[in-house]
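One file, upload_21.cif, carrying mmCIF, C-alpha atoms:
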```
data_my_file
#
loop_
_atom_site.label_atom_id
_atom_site.label_comp_id
_atom_site.auth_asym_id
_atom_site.auth_seq_id
_atom_site.Cartn_x
_atom_site.Cartn_y
_atom_site.Cartn_z
CA MET F 1 20.41 218.63 156.54
CA ASN F 2 18.57 221.57 157.99
CA ASN F 3 16.46 223.54 155.51
CA ASP F 4 15.75 226.63 157.61
CA PRO F 5 16.73 230.01 156.09
CA TYR F 6 19.87 230.18 158.25
CA ALA F 7 21.14 226.83 157.08
CA VAL F 8 20.41 227.56 153.43
CA ALA F 9 22.07 230.99 153.58
CA LEU F 10 25.10 229.62 155.42
CA LYS F 11 25.42 226.74 152.96
CA ASN F 12 25.47 229.27 150.13
CA ALA F 13 28.09 231.31 152.00
CA LEU F 14 30.28 228.21 152.43
CA THR F 15 29.89 227.36 148.77
CA GLU F 16 31.02 230.89 147.89
CA ILE F 17 34.03 230.54 150.19
CA ASN F 18 34.91 227.29 148.43
CA ASN F 19 34.59 229.09 145.07
CA ILE F 20 36.84 231.95 146.17
CA CYS F 21 39.38 229.72 147.90
CA ALA F 22 39.99 226.73 145.69
CA ASP F 23 42.28 225.28 148.35
CA VAL F 24 39.30 224.58 150.65
CA SER F 25 38.28 220.95 150.20
CA ARG F 26 35.56 220.59 152.82
CA SER F 27 33.71 222.96 155.12
CA PHE F 28 30.86 223.03 157.58
CA ILE F 29 29.41 225.19 160.34
CA PHE F 30 28.39 223.78 163.69
CA ALA F 31 27.11 224.86 167.07
CA LYS F 32 27.18 222.79 170.25
CA ASP F 33 26.60 219.26 169.01
CA ARG F 34 24.93 219.73 165.68
CA VAL F 35 25.88 220.68 162.17
CA ILE F 36 24.09 223.76 160.88
CA ALA F 37 25.33 223.96 157.33
CA THR F 38 27.76 222.19 155.04
CA GLY F 39 29.75 223.38 152.08
CA ASP F 40 29.98 221.70 148.73
CA PRO F 41 31.14 218.89 148.55
CA GLU F 42 29.40 217.87 151.75
CA PRO F 43 31.67 216.16 154.30
CA ASP F 44 30.39 212.77 155.47
CA GLU F 45 28.30 212.66 158.65
CA GLU F 46 30.83 210.57 160.59
CA THR F 47 33.71 212.98 159.87
CA MET F 48 31.60 215.94 160.99
CA LYS F 49 30.42 214.18 164.15
CA LYS F 50 33.92 213.07 165.12
CA THR F 51 35.32 216.54 164.41
CA ILE F 52 32.72 218.14 166.66
CA ASP F 53 33.43 215.55 169.39
CA SER F 54 37.18 216.18 169.20
CA PHE F 55 36.67 219.94 169.24
CA GLN F 56 34.29 219.66 172.20
CA SER F 57 36.81 217.57 174.13
CA VAL F 58 39.35 220.40 173.77
CA ALA F 59 36.72 223.08 174.50
CA GLU F 60 35.74 221.33 177.75
CA LYS F 61 39.31 221.58 178.99
CA ALA F 62 40.06 225.07 177.73
CA ASP F 63 39.06 227.08 180.82
CA ALA F 64 42.76 227.53 181.56
CA ILE F 65 43.16 229.62 178.41
CA GLY F 66 39.88 231.47 178.81
CA SER F 67 37.64 229.30 176.60
CA LEU F 68 38.42 227.93 173.17
CA LYS F 69 38.28 230.38 170.27
CA ALA F 70 40.07 228.49 167.51
CA PHE F 71 41.89 225.26 166.81
CA TYR F 72 44.31 224.74 163.92
CA VAL F 73 45.94 221.51 162.82
CA ASN F 74 48.75 221.66 160.26
CA GLY F 75 49.63 218.40 158.57
CA ASN F 76 52.18 217.67 155.87
CA LYS F 77 49.36 217.16 153.34
CA GLY F 78 46.87 219.79 154.45
CA LYS F 79 45.43 221.84 157.26
CA ILE F 80 42.28 222.06 159.34
CA ILE F 81 40.92 225.31 160.70
CA LEU F 82 38.18 225.48 163.33
CA SER F 83 37.34 229.00 164.37
CA GLY F 84 34.60 230.75 166.27
CA VAL F 85 32.23 232.90 164.26
CA ASN F 86 29.71 234.69 166.44
CA ASP F 87 28.08 231.88 168.45
CA MET F 88 29.05 229.16 166.01
CA TYR F 89 32.15 227.43 164.74
CA LEU F 90 33.40 227.11 161.21
CA ALA F 91 35.37 224.04 160.20
CA LEU F 92 37.50 224.12 157.07
CA ALA F 93 39.84 221.54 155.59
CA ALA F 94 42.29 222.95 153.09
CA SER F 95 45.34 221.91 151.12
CA GLU F 96 48.81 222.42 152.57
CA ASP F 97 49.42 225.40 150.25
CA ALA F 98 46.29 227.26 151.37
CA ASP F 99 46.95 230.85 152.42
CA THR F 100 45.67 230.77 155.99
CA THR F 101 45.73 234.55 156.41
CA TYR F 102 43.63 235.00 153.28
CA LEU F 103 41.24 232.26 154.39
CA HIS F 104 40.81 233.93 157.77
CA SER F 105 40.08 237.31 156.28
CA VAL F 106 37.54 235.86 153.85
CA THR F 107 35.71 233.77 156.42
CA ARG F 108 35.76 236.52 159.04
CA VAL F 109 34.05 238.87 156.62
CA ILE F 110 31.63 236.60 154.76
CA ILE F 111 30.16 234.48 157.57
CA PRO F 112 29.53 237.33 160.09
CA THR F 113 28.04 239.46 157.28
CA VAL F 114 25.64 236.67 156.32
CA LEU F 115 24.73 236.11 159.97
CA LYS F 116 24.14 239.81 160.57
CA LEU F 117 21.94 239.98 157.51
CA LEU F 118 19.97 236.94 158.65
CA GLU F 119 19.45 238.40 162.10
CA THR F 120 17.77 241.40 160.57
CA ILE F 121 15.50 239.20 158.46
CA THR F 122 14.65 236.27 160.75
CA PRO F 123 14.18 236.64 164.50
CA THR F 124 15.31 233.16 165.61
CA PRO F 125 19.01 232.44 166.08
CA PRO F 126 20.26 229.21 164.52
CA ALA F 127 21.47 227.45 167.64
CA SER F 128 22.74 227.93 171.12
CA PRO F 129 26.48 228.45 171.55
CA ILE F 130 28.83 225.87 172.99
CA PRO F 131 28.34 226.04 176.76
CA LEU F 132 31.34 227.58 178.43
CA GLN F 133 30.23 227.14 181.99
CA SER F 134 33.19 227.11 184.30
CA GLU F 135 33.13 224.42 186.98
CA PRO F 136 34.99 224.60 190.26
CA SER F 137 38.08 222.42 190.25
CA LYS F 138 41.35 222.11 192.12
CA GLN F 139 44.80 220.61 191.66
CA LEU F 140 45.56 218.29 194.54
CA ILE F 141 48.54 216.13 195.51
CA VAL F 142 47.92 212.39 195.62
CA ASP F 143 48.37 210.43 198.83
CA THR F 144 47.59 206.73 198.67
CA LEU F 145 45.21 204.96 201.01
CA SER F 146 45.96 201.33 201.66
CA GLY F 147 44.60 198.61 203.92
CA PHE F 148 41.61 196.31 204.13
CA PHE F 149 39.06 198.87 205.17
CA VAL F 150 39.83 201.86 202.96
CA GLY F 151 36.80 201.28 200.74
CA ASP F 152 36.33 203.08 197.42
CA SER F 153 35.97 206.65 198.64
CA VAL F 154 38.63 209.33 198.24
CA GLN F 155 39.29 211.89 200.95
CA ILE F 156 39.78 215.64 200.58
CA ASP F 157 39.63 218.68 202.87
CA THR F 158 36.24 219.53 204.37
CA GLU F 159 36.78 223.23 203.59
CA LEU F 160 37.10 222.46 199.89
CA LEU F 161 33.97 220.29 199.88
CA GLU F 162 32.03 223.02 201.68
CA GLU F 163 33.31 225.68 199.27
CA TRP F 164 32.21 223.63 196.25
CA ALA F 165 28.83 222.85 197.79
CA LYS F 166 28.29 226.56 198.36
CA LEU F 167 29.39 227.46 194.83
CA LEU F 168 27.11 224.85 193.30
CA ASN F 169 24.26 225.64 195.65
CA GLN F 170 24.17 222.04 196.91
CA LYS F 171 23.77 220.70 200.41
CA SER F 172 26.96 218.68 200.16
CA ILE F 173 29.35 217.10 197.65
CA SER F 174 29.13 213.33 197.64
CA GLU F 175 31.11 212.44 194.53
CA VAL F 176 34.07 213.92 192.69
CA GLU F 177 35.67 213.49 189.29
CA ILE F 178 39.41 212.95 189.30
CA GLU F 179 41.58 213.41 186.23
CA SER F 180 45.26 212.61 185.87
CA VAL F 181 47.77 214.57 183.80
CA ASP F 182 47.47 211.88 181.13
CA GLY F 183 43.73 212.42 180.90
CA GLU F 184 42.75 209.22 182.76
CA ALA F 185 39.58 210.02 184.68
CA THR F 186 37.28 208.39 187.17
CA GLN F 187 34.41 209.29 189.45
CA CYS F 188 34.48 208.40 193.15
CA LYS F 189 32.57 208.93 196.35
CA VAL F 190 34.25 211.51 198.54
CA LYS F 191 34.69 211.94 202.27
CA GLU F 192 36.54 214.47 204.36
CA ILE F 193 40.17 213.74 205.29
CA ASN F 194 40.12 211.94 208.64
CA ASP F 195 43.82 212.25 209.48
CA SER F 196 44.26 215.62 211.18
CA LYS F 197 47.95 215.77 210.19
CA LEU F 198 47.01 215.76 206.51
CA LYS F 199 44.28 218.40 206.65
CA GLY F 200 44.78 221.72 204.85
CA LYS F 201 47.72 220.51 202.78
CA GLY F 202 46.06 220.41 199.37
CA MET F 203 45.97 216.62 199.32
CA ILE F 204 43.64 214.00 198.01
CA ARG F 205 43.85 210.56 199.60
CA ILE F 206 43.05 207.92 197.01
CA PRO F 207 42.63 204.16 197.58
CA GLU F 208 45.38 202.15 195.85
CA LYS F 209 42.86 200.49 193.56
CA VAL F 210 41.66 203.87 192.26
CA CYS F 211 45.30 205.02 191.91
CA LYS F 212 45.85 202.07 189.59
CA THR F 213 42.79 203.02 187.53
CA LEU F 214 44.09 206.58 187.19
CA GLU F 215 47.68 205.41 186.73
CA VAL F 216 48.88 207.89 189.36
CA LYS F 217 51.35 207.57 192.20
CA LYS F 218 51.80 209.25 195.56
CA GLY F 219 53.06 212.84 195.16
CA GLU F 220 51.63 213.37 191.67
CA LEU F 221 49.11 216.07 190.87
CA VAL F 222 45.54 215.37 189.81
CA LYS F 223 42.66 217.63 188.90
CA VAL F 224 39.60 217.18 191.09
CA LYS F 225 36.13 218.61 190.62
CA PRO F 226 32.67 217.91 191.96
CA ALA F 227 30.84 215.27 189.93
CA SER F 228 27.88 216.58 188.00
CA THR F 229 24.68 215.18 189.44
CA MET Y 1 76.54 208.78 166.62
CA SER Y 2 73.60 206.39 167.08
CA ALA Y 3 70.07 207.53 166.24
CA LYS Y 4 69.14 207.25 169.92
CA ASN Y 5 72.04 209.46 171.01
CA LYS Y 6 71.26 212.00 168.28
CA SER Y 7 67.64 212.15 169.39
CA LYS Y 8 68.77 212.67 173.00
CA ASN Y 9 71.15 215.45 171.94
CA ASP Y 10 68.42 217.11 169.87
CA VAL Y 11 66.06 217.13 172.83
CA GLU Y 12 68.76 218.51 175.13
CA ALA Y 13 69.48 221.25 172.59
CA LEU Y 14 65.77 222.01 172.42
CA GLN Y 15 65.58 222.24 176.23
CA GLY Y 16 68.41 224.76 176.13
CA LYS Y 17 66.58 226.84 173.55
CA LEU Y 18 63.35 226.65 175.53
CA GLN Y 19 65.20 228.02 178.54
CA SER Y 20 66.41 230.91 176.44
CA ILE Y 21 62.97 231.86 175.12
CA LYS Y 22 60.98 231.40 178.34
CA GLY Y 23 61.83 234.91 179.57
CA ARG Y 24 60.57 236.55 176.40
CA GLU Y 25 57.61 238.86 176.58
CA GLY Y 26 54.35 236.96 176.19
CA ILE Y 27 55.79 233.48 176.85
CA ILE Y 28 53.89 231.79 179.67
CA GLY Y 29 55.87 228.57 179.76
CA TYR Y 30 56.21 225.13 178.25
CA ILE Y 31 55.69 221.41 178.79
CA LEU Y 32 58.07 218.99 177.08
CA ARG Y 33 56.87 215.48 177.58
CA GLY Y 34 58.87 212.40 176.67
CA PRO Y 35 58.02 208.70 176.95
CA ASN Y 36 59.46 208.52 180.47
CA SER Y 37 59.90 212.07 181.70
CA ALA Y 38 58.60 215.61 181.44
CA SER Y 39 60.07 219.10 181.75
CA ILE Y 40 57.57 221.69 182.90
CA ASP Y 41 58.25 225.38 183.27
CA LEU Y 42 55.20 227.56 183.76
CA LYS Y 43 54.94 231.02 185.27
CA ASP Y 44 51.80 229.99 187.16
CA PRO Y 45 52.38 226.55 188.77
CA THR Y 46 48.76 226.34 189.93
CA LYS Y 47 47.80 225.77 186.30
CA ILE Y 48 50.16 222.86 185.64
CA ILE Y 49 47.44 220.21 185.64
CA ASP Y 50 44.98 222.29 183.59
CA TYR Y 51 47.64 223.09 181.00
CA ALA Y 52 48.94 219.50 180.93
CA ILE Y 53 45.45 218.07 180.41
CA LEU Y 54 44.60 220.67 177.77
CA SER Y 55 47.80 220.07 175.81
CA ALA Y 56 47.36 216.27 175.96
CA THR Y 57 43.76 216.64 174.73
CA ALA Y 58 44.83 219.02 171.96
CA PHE Y 59 47.42 216.50 170.70
CA GLU Y 60 44.80 213.75 170.74
CA ALA Y 61 42.18 215.89 168.95
CA GLY Y 62 44.74 217.03 166.40
CA GLN Y 63 45.76 213.45 165.59
CA ASP Y 64 42.11 212.36 165.33
CA MET Y 65 41.19 215.25 163.02
CA SER Y 66 44.28 214.67 160.90
CA ALA Y 67 43.22 211.06 160.33
CA MET Y 68 39.61 212.05 159.58
CA PHE Y 69 40.50 214.74 157.04
CA GLU Y 70 43.55 212.89 155.70
CA ILE Y 71 45.95 215.78 156.09
CA GLY Y 72 48.94 213.54 156.75
CA GLU Y 73 51.36 213.67 159.63
CA VAL Y 74 50.62 216.41 162.14
CA GLU Y 75 53.33 219.09 162.08
CA SER Y 76 51.83 221.56 164.51
CA ILE Y 77 48.64 222.35 166.41
CA ILE Y 78 47.54 225.77 167.59
CA THR Y 79 44.93 225.98 170.35
CA GLU Y 80 43.69 229.54 170.72
CA GLY Y 81 41.83 230.86 173.74
CA GLU Y 82 40.61 234.30 174.76
CA ASN Y 83 44.06 235.74 175.47
CA THR Y 84 46.32 232.72 175.39
CA LYS Y 85 47.38 230.21 172.77
CA ILE Y 86 49.31 226.96 172.73
CA LEU Y 87 51.73 225.82 170.08
CA SER Y 88 51.97 222.02 170.12
CA ARG Y 89 54.51 220.01 168.14
CA VAL Y 90 56.05 216.58 168.22
CA VAL Y 91 59.84 216.72 168.43
CA ASN Y 92 61.42 213.29 168.10
CA GLU Y 93 59.44 211.23 170.61
CA HIS Y 94 58.65 214.27 172.73
CA ARG Y 95 55.47 216.31 172.80
CA LEU Y 96 56.20 220.00 173.14
CA SER Y 97 53.54 222.54 174.14
CA ILE Y 98 54.50 226.20 174.42
CA PHE Y 99 52.00 228.49 176.15
CA MET Y 100 52.00 232.12 175.14
CA GLU Y 101 49.94 235.24 174.90
CA LYS Y 102 47.86 235.47 171.76
CA ASN Y 103 49.89 238.29 170.22
CA VAL Y 104 53.15 236.29 170.20
CA ASP Y 105 54.27 235.30 166.69
CA HIS Y 106 54.40 231.50 166.99
CA ASN Y 107 55.89 231.10 163.50
CA ARG Y 108 58.83 233.26 164.56
CA LEU Y 109 59.11 231.19 167.73
CA CYS Y 110 59.31 227.99 165.67
CA LYS Y 111 62.11 229.48 163.60
CA ASP Y 112 63.99 230.54 166.72
CA LEU Y 113 63.67 227.02 168.10
CA ASN Y 114 64.65 225.46 164.75
CA LEU Y 115 61.28 223.72 164.58
CA THR Y 116 60.41 224.66 161.01
#
```
Could you render the structure from this file as structure tokens?
Amino acid sequence: MNNDPYAVALKNALTEINNICADVSRSFIFAKDRVIATGDPEPDEETMKKTIDSFQSVAEKADAIGSLKAFYVNGNKGKIILSGVNDMYLALAASEDADTTYLHSVTRVIIPTVLKLLETITPTPPASPIPLQSEPSKQLIVDTLSGFFVGDSVQIDTELLEEWAKLLNQKSISEVEIESVDGEATQCKVKEINDSKLKGKGMIRIPEKVCKTLEVKKGELVKVKPAST
Amino acid sequence: MSAKNKSKNDVEALQGKLQSIKGREGIIGYILRGPNSASIDLKDPTKIIDYAILSATAFEAGQDMSAMFEIGEVESIITEGENTKILSRVVNEHRLSIFMEKNVDHNRLCKDLNLT
């Protein structure tokens, strides 16, 4: 565990929160992909890593709601609270009877106060925030490509490819990521739609083999974005 | 009445209630996804895919975290964004996600939908 002044101060703050709120069983603070501080008792490394991974997977898809600020899971034996505090996130596991409103008010006062105090004492921030870079993407309607010579490339409108290339400051877009409603995703080479009748209709033409991978059928919607290079 | 028929009736009743709350101030829409079908009603249809992917990911993350922290069966998940939040619940074999503005009282909504 990190021994810098931030981590030590935050660990003490978490311990105090645990003392005030007996219902809190485990707690830790993280930013991006690393744990900054843990409460007492310390959650195991694997739990923390998997929690961050799960949270990140939601954060990556949260552009539609204007970036992820908090995530709460209520179970019949307890609850989990993950909430943004300044540039970091606080994760708390508490018993089912825990007073969530009280917990929120305590954490929203203690952690920011400690952070503010630290900022006045030490010049270096603890970690960079979770990147919330928004990528261009588009919902397109699936049309299947079949035949011997279709290859592995998908086809979409030239205008869209040019728009993305311009937005990303690239010469051209050669590959795209496609994601189905069920979260099945794949990366494919992309070409412009060659059938003039299908141009400008918000379609993506996908080879049957790729449709099977994505478990999508003709007429369904998929999310398409340029592949990160 | 068989358990299967009761479940079907419950879901139909829920769909009726969802129709009645969708016009309320702050309600953006909902996705009710069953094993073989889905009902989607969103004010902005261009966001269907984004919302569907986000709600599916939230369910998955919620289940994973529940197992890791041993908090038992997931009753509800709240995903909060800048101005919008999602209430996710499992109703019978259906996954319900209601999208709303952040200031909407989701606990009240659950009571109105008999989801408590």
For this file, the PyMOL selection byres ((chain F) within 8 of (chain Y)) selects which residues, as a JSON list (two decimals) with C-alpha atoms, in the coordinates of the input?
```
[["chain", "number", "residue", "atom", "x", "y", "z"],
["F", 47, "THR", "CA", 33.71, 212.98, 159.87],
["F", 50, "LYS", "CA", 33.92, 213.07, 165.12],
["F", 51, "THR", "CA", 35.32, 216.54, 164.41],
["F", 54, "SER", "CA", 37.18, 216.18, 169.20],
["F", 55, "PHE", "CA", 36.67, 219.94, 169.24],
["F", 57, "SER", "CA", 36.81, 217.57, 174.13],
["F", 58, "VAL", "CA", 39.35, 220.40, 173.77],
["F", 61, "LYS", "CA", 39.31, 221.58, 178.99],
["F", 62, "ALA", "CA", 40.06, 225.07, 177.73],
["F", 64, "ALA", "CA", 42.76, 227.53, 181.56],
["F", 65, "ILE", "CA", 43.16, 229.62, 178.41],
["F", 66, "GLY", "CA", 39.88, 231.47, 178.81],
["F", 67, "SER", "CA", 37.64, 229.30, 176.60],
["F", 68, "LEU", "CA", 38.42, 227.93, 173.17],
["F", 69, "LYS", "CA", 38.28, 230.38, 170.27],
["F", 70, "ALA", "CA", 40.07, 228.49, 167.51],
["F", 71, "PHE", "CA", 41.89, 225.26, 166.81],
["F", 72, "TYR", "CA", 44.31, 224.74, 163.92],
["F", 73, "VAL", "CA", 45.94, 221.51, 162.82],
["F", 74, "ASN", "CA", 48.75, 221.66, 160.26],
["F", 75, "GLY", "CA", 49.63, 218.40, 158.57],
["F", 76, "ASN", "CA", 52.18, 217.67, 155.87],
["F", 77, "LYS", "CA", 49.36, 217.16, 153.34],
["F", 78, "GLY", "CA", 46.87, 219.79, 154.45],
["F", 79, "LYS", "CA", 45.43, 221.84, 157.26],
["F", 80, "ILE", "CA", 42.28, 222.06, 159.34],
["F", 93, "ALA", "CA", 39.84, 221.54, 155.59],
["F", 95, "SER", "CA", 45.34, 221.91, 151.12],
["F", 139, "GLN", "CA", 44.80, 220.61, 191.66],
["F", 180, "SER", "CA", 45.26, 212.61, 185.87],
["F", 181, "VAL", "CA", 47.77, 214.57, 183.80],
["F", 182, "ASP", "CA", 47.47, 211.88, 181.13],
["F", 183, "GLY", "CA", 43.73, 212.42, 180.90],
["F", 221, "LEU", "CA", 49.11, 216.07, 190.87],
["F", 222, "VAL", "CA", 45.54, 215.37, 189.81],
["F", 223, "LYS", "CA", 42.66, 217.63, 188.90]]
```
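Atom CA of Val216 of chain F is found 9.8 Å from atom CA of Asp143 of chain F.
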Residues returned when the PyMOL selection byres ((chain F and resi 219) around 6) runs on this file, as a PyMOL selection string: chain F and resi 141-142+218+220
Coordinates-based distance that separates atom CA of Ile17 of chain F from atom CA of Thr107 of chain F (Å, one decimal): 7.2 Å
10 Å contact set for Ala165 of chain F, all atoms listed in the file, chain neighbours under 6 positions out, as a list in words: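 My reading of the contact set: Pro136, Glu159, Lys171, Ser172, Ile173, Ser174 and Pro226 of chain F.
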Test item: the PyMOL selection byres ((chain Y and resi 13-23) around 10) resolved as a VMD selection string: chain Y and resid 7 to 12 24 to 32 39 41 to 43 91 96 98 to 100 109 112 to 115
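The space between atom CA of Ser27 of chain F and atom CA of Pro43 of chain F spans 7.1 Å.
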Expected answer as a PyMOL selection string: all residues with atoms within 9 Å of (34.0, 207.0, 198.2), all atoms listed in the file: chain F and resi 151-155+174-176+188-191
Answer as an NGL selection string, residues within 9 Å of (43.2, 228.7, 153.0) using only C-alpha atoms: :F and (21-24 or 79 or 81 or 92-104)
